[in-house]
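Q: For reference, the file coords.cif (mmCIF, C-alpha atoms) is included below:
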data_input
#
loop_
_atom_site.label_atom_id
_atom_site.label_comp_id
_atom_site.auth_asym_id
_atom_site.auth_seq_id
_atom_site.Cartn_x
_atom_site.Cartn_y
_atom_site.Cartn_z
CA MET A 1 0.00 0.00 0.00
CA GLN A 2 1.40 3.37 -1.02
CA PHE A 3 1.45 6.40 1.25
CA LYS A 4 -0.94 8.31 -1.01
CA GLU A 5 -3.48 5.48 -0.79
CA ILE A 6 -3.22 5.44 2.99
CA TYR A 7 -3.65 9.22 3.05
CA GLU A 8 -6.69 9.18 0.78
CA ALA A 9 -8.34 6.39 2.75
CA HIS A 10 -7.84 7.99 6.15
CA LYS A 11 -7.55 11.78 5.68
CA ASN A 12 -11.15 12.53 6.67
CA LEU A 13 -11.03 10.14 9.61
CA VAL A 14 -7.91 11.85 10.97
CA PHE A 15 -9.10 15.40 10.28
CA ASN A 16 -12.47 14.79 11.95
CA LEU A 17 -11.00 13.04 14.96
CA ALA A 18 -8.51 15.89 15.41
CA LEU A 19 -11.44 18.31 15.15
CA GLN A 20 -13.23 16.56 18.01
CA TYR A 21 -10.16 17.10 20.20
CA CYS A 22 -9.26 20.70 19.33
CA GLN A 23 -12.56 21.98 17.88
CA ASN A 24 -11.06 24.29 15.32
CA PRO A 25 -9.98 23.59 11.73
CA GLN A 26 -6.57 25.29 11.88
CA ASP A 27 -5.40 23.14 14.77
CA ALA A 28 -7.01 20.04 13.24
CA GLU A 29 -5.08 20.67 10.03
CA GLU A 30 -1.83 20.93 11.95
CA ILE A 31 -2.56 17.71 13.85
CA THR A 32 -3.49 15.93 10.59
CA GLN A 33 -0.15 16.96 9.09
CA ASP A 34 1.69 15.67 12.15
CA VAL A 35 -0.21 12.37 12.04
CA PHE A 36 0.57 11.72 8.38
CA LEU A 37 4.21 12.76 8.81
CA ASN A 38 4.43 10.11 11.49
CA VAL A 39 2.65 7.59 9.27
CA HIS A 40 5.02 8.43 6.40
CA GLN A 41 8.04 7.78 8.61
CA LYS A 42 6.79 4.52 10.00
CA PHE A 43 4.44 2.85 7.53
CA HIS A 44 7.29 0.88 5.88
CA SER A 45 8.03 -0.79 9.19
CA PHE A 46 4.34 -1.32 9.98
CA ASN A 47 3.68 -5.01 9.44
CA ASN A 48 0.09 -5.66 10.31
CA GLN A 49 -1.66 -3.89 7.43
CA SER A 50 -5.12 -5.07 8.54
CA ASP A 51 -4.88 -2.95 11.68
CA ILE A 52 -3.78 0.20 9.90
CA LYS A 53 -6.99 2.06 10.80
CA THR A 54 -6.56 1.27 14.50
CA TRP A 55 -2.90 2.28 14.26
CA ILE A 56 -3.79 5.63 12.63
CA TYR A 57 -6.53 6.24 15.22
CA ARG A 58 -3.95 5.68 17.95
CA ILE A 59 -1.42 8.07 16.39
CA CYS A 60 -4.11 10.69 15.91
CA ILE A 61 -5.27 10.48 19.54
CA ASN A 62 -1.71 10.79 20.85
CA LYS A 63 -0.86 13.67 18.52
CA SER A 64 -4.08 15.50 19.41
CA LEU A 65 -3.49 15.16 23.15
CA ASP A 66 0.14 16.28 22.75
CA PHE A 67 -0.93 19.25 20.65
CA ILE A 68 -3.48 20.37 23.26
CA LYS A 69 -0.94 20.03 26.08
CA LYS A 70 1.60 22.07 24.13
CA LYS A 71 -0.99 24.72 23.34
CA ASN A 72 -2.14 24.95 26.96
CA ARG A 73 1.48 25.18 28.13
CA LYS A 74 2.10 28.09 25.76
CA LYS A 75 -1.06 29.83 26.93
CA ARG A 76 -0.14 29.31 30.58
CA ALA A 77 3.32 30.76 29.99
CA PHE A 78 1.76 33.77 28.30
CA PHE A 79 -0.69 34.35 31.17
CA PHE A 80 2.09 34.05 33.74
CA LYS A 81 4.17 36.58 31.86
CA ALA A 82 1.41 39.02 31.08
CA PHE A 83 -0.58 39.00 34.32
CA SER A 84 1.46 36.90 36.72
CA ILE A 85 -1.59 34.86 37.61
CA ASP A 86 -2.37 31.19 37.53
CA ASP A 87 -5.43 30.84 35.31
CA GLN A 88 -6.58 27.71 37.17
CA LYS A 89 -6.25 24.77 34.83
CA ASN A 90 -6.52 26.77 31.61
CA HIS A 91 -8.03 23.97 29.56
CA LEU A 92 -8.45 24.42 25.85
CA ASN A 93 -10.17 27.76 25.65
CA ALA A 94 -13.83 27.87 24.71
CA SER A 95 -13.09 30.97 22.64
CA ASP A 96 -11.12 28.70 20.26
CA PHE A 97 -14.32 26.84 19.44
CA ASN A 98 -14.93 26.91 15.70
CA HIS A 99 -16.11 23.42 14.83
CA PRO A 100 -17.17 23.34 11.16
CA GLY A 101 -19.27 20.21 11.70
CA VAL A 102 -21.60 21.90 14.18
CA GLU A 103 -24.79 23.54 12.93
CA LEU A 104 -25.32 27.16 13.90
CA GLU A 105 -28.45 26.56 16.01
CA GLN A 106 -26.65 23.92 18.07
CA LYS A 107 -23.38 25.81 18.33
CA GLU A 108 -23.81 27.23 21.84
CA ALA A 109 -25.09 23.97 23.32
CA ILE A 110 -22.31 21.87 21.77
CA LYS A 111 -19.70 24.48 22.71
CA GLY A 112 -20.80 24.05 26.34
CA ILE A 113 -20.58 20.26 26.11
CA PHE A 114 -17.10 20.42 24.57
CA LYS A 115 -16.02 22.87 27.28
CA ALA A 116 -16.92 20.18 29.82
CA ILE A 117 -15.34 17.35 27.76
CA ASN A 118 -12.10 19.35 27.56
CA GLN A 119 -11.90 19.33 31.35
CA LEU A 120 -11.96 15.54 31.57
CA VAL A 121 -8.73 13.58 31.93
CA ASP A 122 -7.23 12.36 28.64
CA ARG A 123 -8.51 8.77 28.76
CA GLN A 124 -12.06 9.76 29.70
CA LYS A 125 -12.08 12.42 27.01
CA SER A 126 -10.92 9.87 24.42
CA VAL A 127 -13.61 7.38 25.43
CA ILE A 128 -16.37 9.98 25.09
CA ILE A 129 -15.06 11.10 21.70
CA LEU A 130 -14.67 7.57 20.36
CA LEU A 131 -17.96 6.20 21.64
CA LYS A 132 -20.27 9.17 21.42
CA ILE A 133 -18.93 11.33 18.59
CA GLU A 134 -17.08 8.87 16.38
CA GLN A 135 -19.72 6.30 17.37
CA LEU A 136 -17.35 3.37 17.50
CA SER A 137 -18.20 0.17 19.32
CA VAL A 138 -16.76 -0.66 22.73
CA LYS A 139 -14.62 -3.36 21.07
CA GLU A 140 -13.17 -0.91 18.53
CA ALA A 141 -12.46 1.65 21.25
CA SER A 142 -10.78 -1.00 23.39
CA GLU A 143 -8.48 -1.95 20.48
CA ILE A 144 -7.57 1.67 19.81
CA LEU A 145 -6.93 2.51 23.47
CA GLU A 146 -5.26 -0.87 24.07
CA ILE A 147 -7.39 -1.68 27.09
CA SER A 148 -10.05 -4.31 27.74
CA SER A 149 -13.71 -3.79 26.81
CA LYS A 150 -14.60 -3.80 30.51
CA ALA A 151 -12.06 -1.06 31.14
CA VAL A 152 -13.60 0.99 28.33
CA GLU A 153 -17.04 0.57 29.84
CA SER A 154 -15.96 1.58 33.33
CA LEU A 155 -13.96 4.49 31.90
CA PHE A 156 -17.08 5.60 30.06
CA GLN A 157 -19.21 5.41 33.20
CA ARG A 158 -16.70 7.53 35.11
CA ALA A 159 -16.46 10.00 32.23
CA LYS A 160 -20.25 10.23 32.05
CA LYS A 161 -20.50 10.93 35.78
CA ASN A 162 -17.81 13.61 35.65
CA LEU A 163 -19.31 15.15 32.55
CA GLU A 164 -22.70 15.32 34.27
CA LYS A 165 -21.16 17.15 37.22
CA LEU A 166 -19.29 19.57 34.97
CA LEU A 167 -22.39 20.31 32.93
CA ASP A 168 -24.42 20.87 36.11
CA ASN A 169 -21.80 23.33 37.35
CA THR A 170 -22.01 25.30 34.14
CA LYS A 171 -25.82 25.36 34.27
CA LYS A 172 -26.04 26.54 37.91
CA PRO A 173 -25.13 30.23 37.43
CA GLU A 174 -27.73 30.50 34.66
CA GLY A 175 -30.44 29.08 36.93
CA LYS A 176 -29.93 31.80 39.56
CA MET B 1 -27.07 13.44 29.83
CA GLU B 2 -28.43 11.41 26.90
CA ASP B 3 -29.64 14.68 25.41
CA SER B 4 -26.05 15.98 25.43
CA PHE B 5 -24.84 12.79 23.77
CA ASP B 6 -27.56 13.11 21.11
CA LYS B 7 -26.31 16.61 20.38
CA LEU B 8 -22.78 15.25 19.97
CA LYS B 9 -24.11 12.65 17.53
CA SER B 10 -25.48 15.45 15.37
CA ILE B 11 -21.98 16.74 14.60
CA LYS B 12 -21.41 16.37 10.88
CA ARG B 13 -18.35 14.88 9.22
CA VAL B 14 -16.14 17.45 7.50
CA ALA B 15 -13.89 16.90 4.49
CA ALA B 16 -10.18 17.46 5.00
CA PRO B 17 -8.76 20.48 3.12
CA ASP B 18 -7.62 19.78 -0.46
CA ASN B 19 -4.13 21.27 -0.15
CA LEU B 20 -3.26 19.18 2.88
CA TYR B 21 -1.51 16.41 0.95
CA ASN B 22 0.90 18.83 -0.73
CA LYS B 23 1.68 20.44 2.63
CA ILE B 24 2.48 17.03 4.10
CA LEU B 25 4.66 16.12 1.13
CA SER B 26 6.64 19.36 1.38
CA LYS B 27 7.13 18.71 5.08
CA THR B 28 8.37 15.17 4.41
CA ASP B 29 10.88 16.62 1.92
CA ASP B 30 12.05 19.15 4.50
CA GLN B 31 12.49 16.49 7.11
CA LYS B 32 15.88 14.93 6.56
CA VAL B 33 15.73 12.15 9.04
CA ILE B 34 19.09 10.76 10.07
CA PRO B 35 18.85 6.96 10.19
CA MET B 36 19.16 5.43 13.64
CA LYS B 37 22.13 3.34 12.40
CA TRP B 38 24.25 6.47 11.84
CA ILE B 39 23.25 7.95 15.18
CA ASN B 40 24.36 4.73 16.87
CA ILE B 41 27.69 4.71 14.99
CA ALA B 42 28.36 8.36 15.95
CA ALA B 43 27.50 7.62 19.58
CA ALA B 44 29.82 4.57 19.61
CA LEU B 45 32.68 6.61 18.11
CA PHE B 46 32.21 9.37 20.63
CA PHE B 47 32.19 6.85 23.46
CA PHE B 48 35.36 5.19 22.11
CA LEU B 49 37.14 8.56 21.91
CA LEU B 50 36.06 9.43 25.42
CA VAL B 51 37.28 6.10 26.84
CA SER B 52 40.61 6.32 25.00
CA GLU B 53 41.09 9.90 26.27
CA ILE B 54 40.44 8.78 29.84
CA TYR B 55 42.83 5.86 29.37
CA LEU B 56 45.61 8.05 27.98
CA ILE B 57 45.19 10.62 30.74
CA SER B 58 45.29 7.95 33.44
CA GLU B 59 48.41 6.42 31.83
CA ASN B 60 50.26 9.73 31.90
CA LYS B 61 49.21 10.92 35.31
CA PHE B 62 52.39 9.69 37.10
CA THR B 63 54.78 11.55 34.84
CA SER B 64 55.13 14.93 36.51
CA ARG B 65 55.43 18.21 34.71
CA GLU B 66 58.99 18.64 35.97
CA ASP B 67 60.04 15.38 34.33
CA SER B 68 58.83 16.47 30.97
CA GLN B 69 60.50 19.87 31.40
CA ILE B 70 63.84 18.22 32.20
CA ASP B 71 63.60 16.29 28.97
CA LEU B 72 63.22 19.48 27.02
CA VAL B 73 65.90 21.63 28.71
CA THR B 74 69.53 20.78 27.89
CA LEU B 75 71.58 20.59 31.04
CA PRO B 76 74.87 22.57 31.16
CA ASN B 77 77.94 20.38 31.76
CA ASN B 78 80.19 23.31 32.92
CA MET B 79 83.20 22.07 30.94
CA LEU B 80 85.54 24.62 29.50
CA TYR B 81 86.92 24.34 26.02
CA HIS B 82 90.54 23.19 25.47
CA GLU B 83 90.76 21.78 28.94
#
Have the structure of the file written as structure tokens, please.
A:
Amino acid sequence: MQFKEIYEAHKNLVFNLALQYCQNPQDAEEITQDVFLNVHQKFHSFNNQSDIKTWIYRICINKSLDFIKKKNRKKRAFFFKAFSIDDQKNHLNASDFNHPGVELEQKEAIKGIFKAINQLVDRQKSVIILLKIEQLSVKEASEILEISSKAVESLFQRAKKNLEKLLDNTKKPEGK
Amino acid sequence: MEDSFDKLKSIKRVAAPDNLYNKILSKTDDQKVIPMKWINIAAALFFFLLVSEIYLISENKFTSREDSQIDLVTLPNNMLYHE
């Protein structure tokens, strides 16, 4: 299989998955480039061609999480320099939200949900994205994350509980 | 909660930008990756040089500076000519 074929077969998968992590097309494009650079370097040594999709999913998740960490680190350094304050956890800023797959009438609601998802720990975030946005099965998610199906299920339950709490917290000030 | 998940399901798939492949190709051209084999050879050479330096220094450590100076300076024998 040639690199171009691999790219054509998986470009939308990678771009969309990156979008679910960073929620804006510029960052997703950068992540997609990083993913395929990595694939280009390593696909000759990749033996198990049948699992190429799982392999690319895995690279994309790792690259996306690394990208977000790097971005948050840069932001934190800027805030420290500019205002000398610790901006709490400074998770991926909601102001960066520019998801092209979200319809205008749903934009605010989905922006709020993503704001909560972005505050979850990496594994829980990945499980929510894979199961609920990418709509993969538990088995597929377990292969990608290299954990058992049971572990995926319990991770999802924990993520769901935390997400519920986070969404409740964001709704409370509006209810007052 | 299920309502939130339903909203997430409504997110549409987006096509990747057309110029992305060319950008990736130009980046792969820019990236001149040094093969691991050469990195290992360079590291082994450096290590060998370092070890040989240490060995040579430890071999020479008992010869004092004065000894080497004596070798260089010709000693006067204080003998007069036509004696």
Q: Applying the PyMOL selection byres ((chain B and resi 16) around 10) to the file I just gave you, which residues come out? Please list them as number ranges by chain.
A: A: 8, 10-16, 25, 28-29, 32; B: 13-15, 17-21
Q: Quick one: pull the distance between atom CA of Gln41 of chain A and atom CA of Glu140 of chain A, Å, one decimal.
A: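 Taking atom CA of Gln41 of chain A and atom CA of Glu140 of chain A, their separation equals 25.0 Å.
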Q: Using 12 Å as the limit and counting all atoms listed in the file, can you tabulate each residue of chain B that touches chain A, with its shortest atom-to-atom distance in Å and the two atoms involved, as a Markdown table?
A:
| residue | atom | partner | partner_atom | distance |
| --- | --- | --- | --- | --- |
| B:Met1 | CA | A:Glu164 | CA | 6.5 |
| B:Glu2 | CA | A:Lys160 | CA | 9.7 |
| B:Asp3 | CA | A:Ala109 | CA | 10.6 |
| B:Ser4 | CA | A:Ile113 | CA | 7.0 |
| B:Phe5 | CA | A:Lys132 | CA | 6.3 |
| B:Asp6 | CA | A:Lys132 | CA | 8.3 |
| B:Lys7 | CA | A:Ile110 | CA | 6.8 |
| B:Leu8 | CA | A:Ile133 | CA | 5.7 |
| B:Lys9 | CA | A:Ile133 | CA | 5.4 |
| B:Ser10 | CA | A:Val102 | CA | 7.6 |
| B:Ile11 | CA | A:Val102 | CA | 5.2 |
| B:Lys12 | CA | A:Gly101 | CA | 4.5 |
| B:Arg13 | CA | A:Gly101 | CA | 6.0 |
| B:Val14 | CA | A:Gly101 | CA | 5.9 |
| B:Ala15 | CA | A:Asn12 | CA | 5.6 |
| B:Ala16 | CA | A:Asn12 | CA | 5.3 |
| B:Pro17 | CA | A:Glu29 | CA | 7.8 |
| B:Asp18 | CA | A:Lys11 | CA | 10.1 |
| B:Asn19 | CA | A:Glu29 | CA | 10.2 |
| B:Leu20 | CA | A:Gln33 | CA | 7.3 |
| B:Tyr21 | CA | A:Tyr7 | CA | 7.8 |
| B:Asn22 | CA | A:Gln33 | CA | 10.1 |
| B:Lys23 | CA | A:Gln33 | CA | 7.6 |
| B:Ile24 | CA | A:Gln33 | CA | 5.6 |
| B:Leu25 | CA | A:Leu37 | CA | 8.4 |
| B:Ser26 | CA | A:Leu37 | CA | 10.2 |
| B:Lys27 | CA | A:Leu37 | CA | 7.6 |
| B:Thr28 | CA | A:Leu37 | CA | 6.5 |
| B:Asp29 | CA | A:Leu37 | CA | 10.3 |
| B:Asp30 | CA | A:Leu37 | CA | 11.0 |
| B:Gln31 | CA | A:Leu37 | CA | 9.2 |
| B:Lys32 | CA | A:Gln41 | CA | 10.8 |
| B:Val33 | CA | A:Gln41 | CA | 8.9 |
| B:Ile34 | CA | A:Gln41 | CA | 11.5 |
| B:Pro35 | CA | A:Gln41 | CA | 11.0 |
Q: I'd like the interatomic distance between atom CA of Lys70 of chain A and atom CA of Asn40 of chain B, to a tenth of an Å.
A: 29.5 Å
Q: Grab the atom CA of Trp38 of chain B to atom CA of Gln2 of chain A distance for me, in Å with one decimal place.
A: 26.4 Å
Q: Quick one: which residues end up in the PyMOL selection byres ((chain A and resi 153-157) around 12) for this structure, as JSON, numbers by chain?
A: {"A": [120, 121, 122, 123, 124, 125, 126, 127, 128, 129, 130, 131, 132, 137, 138, 139, 141, 142, 145, 147, 148, 149, 150, 151, 152, 158, 159, 160, 161, 162, 163, 164], "B": [1]}
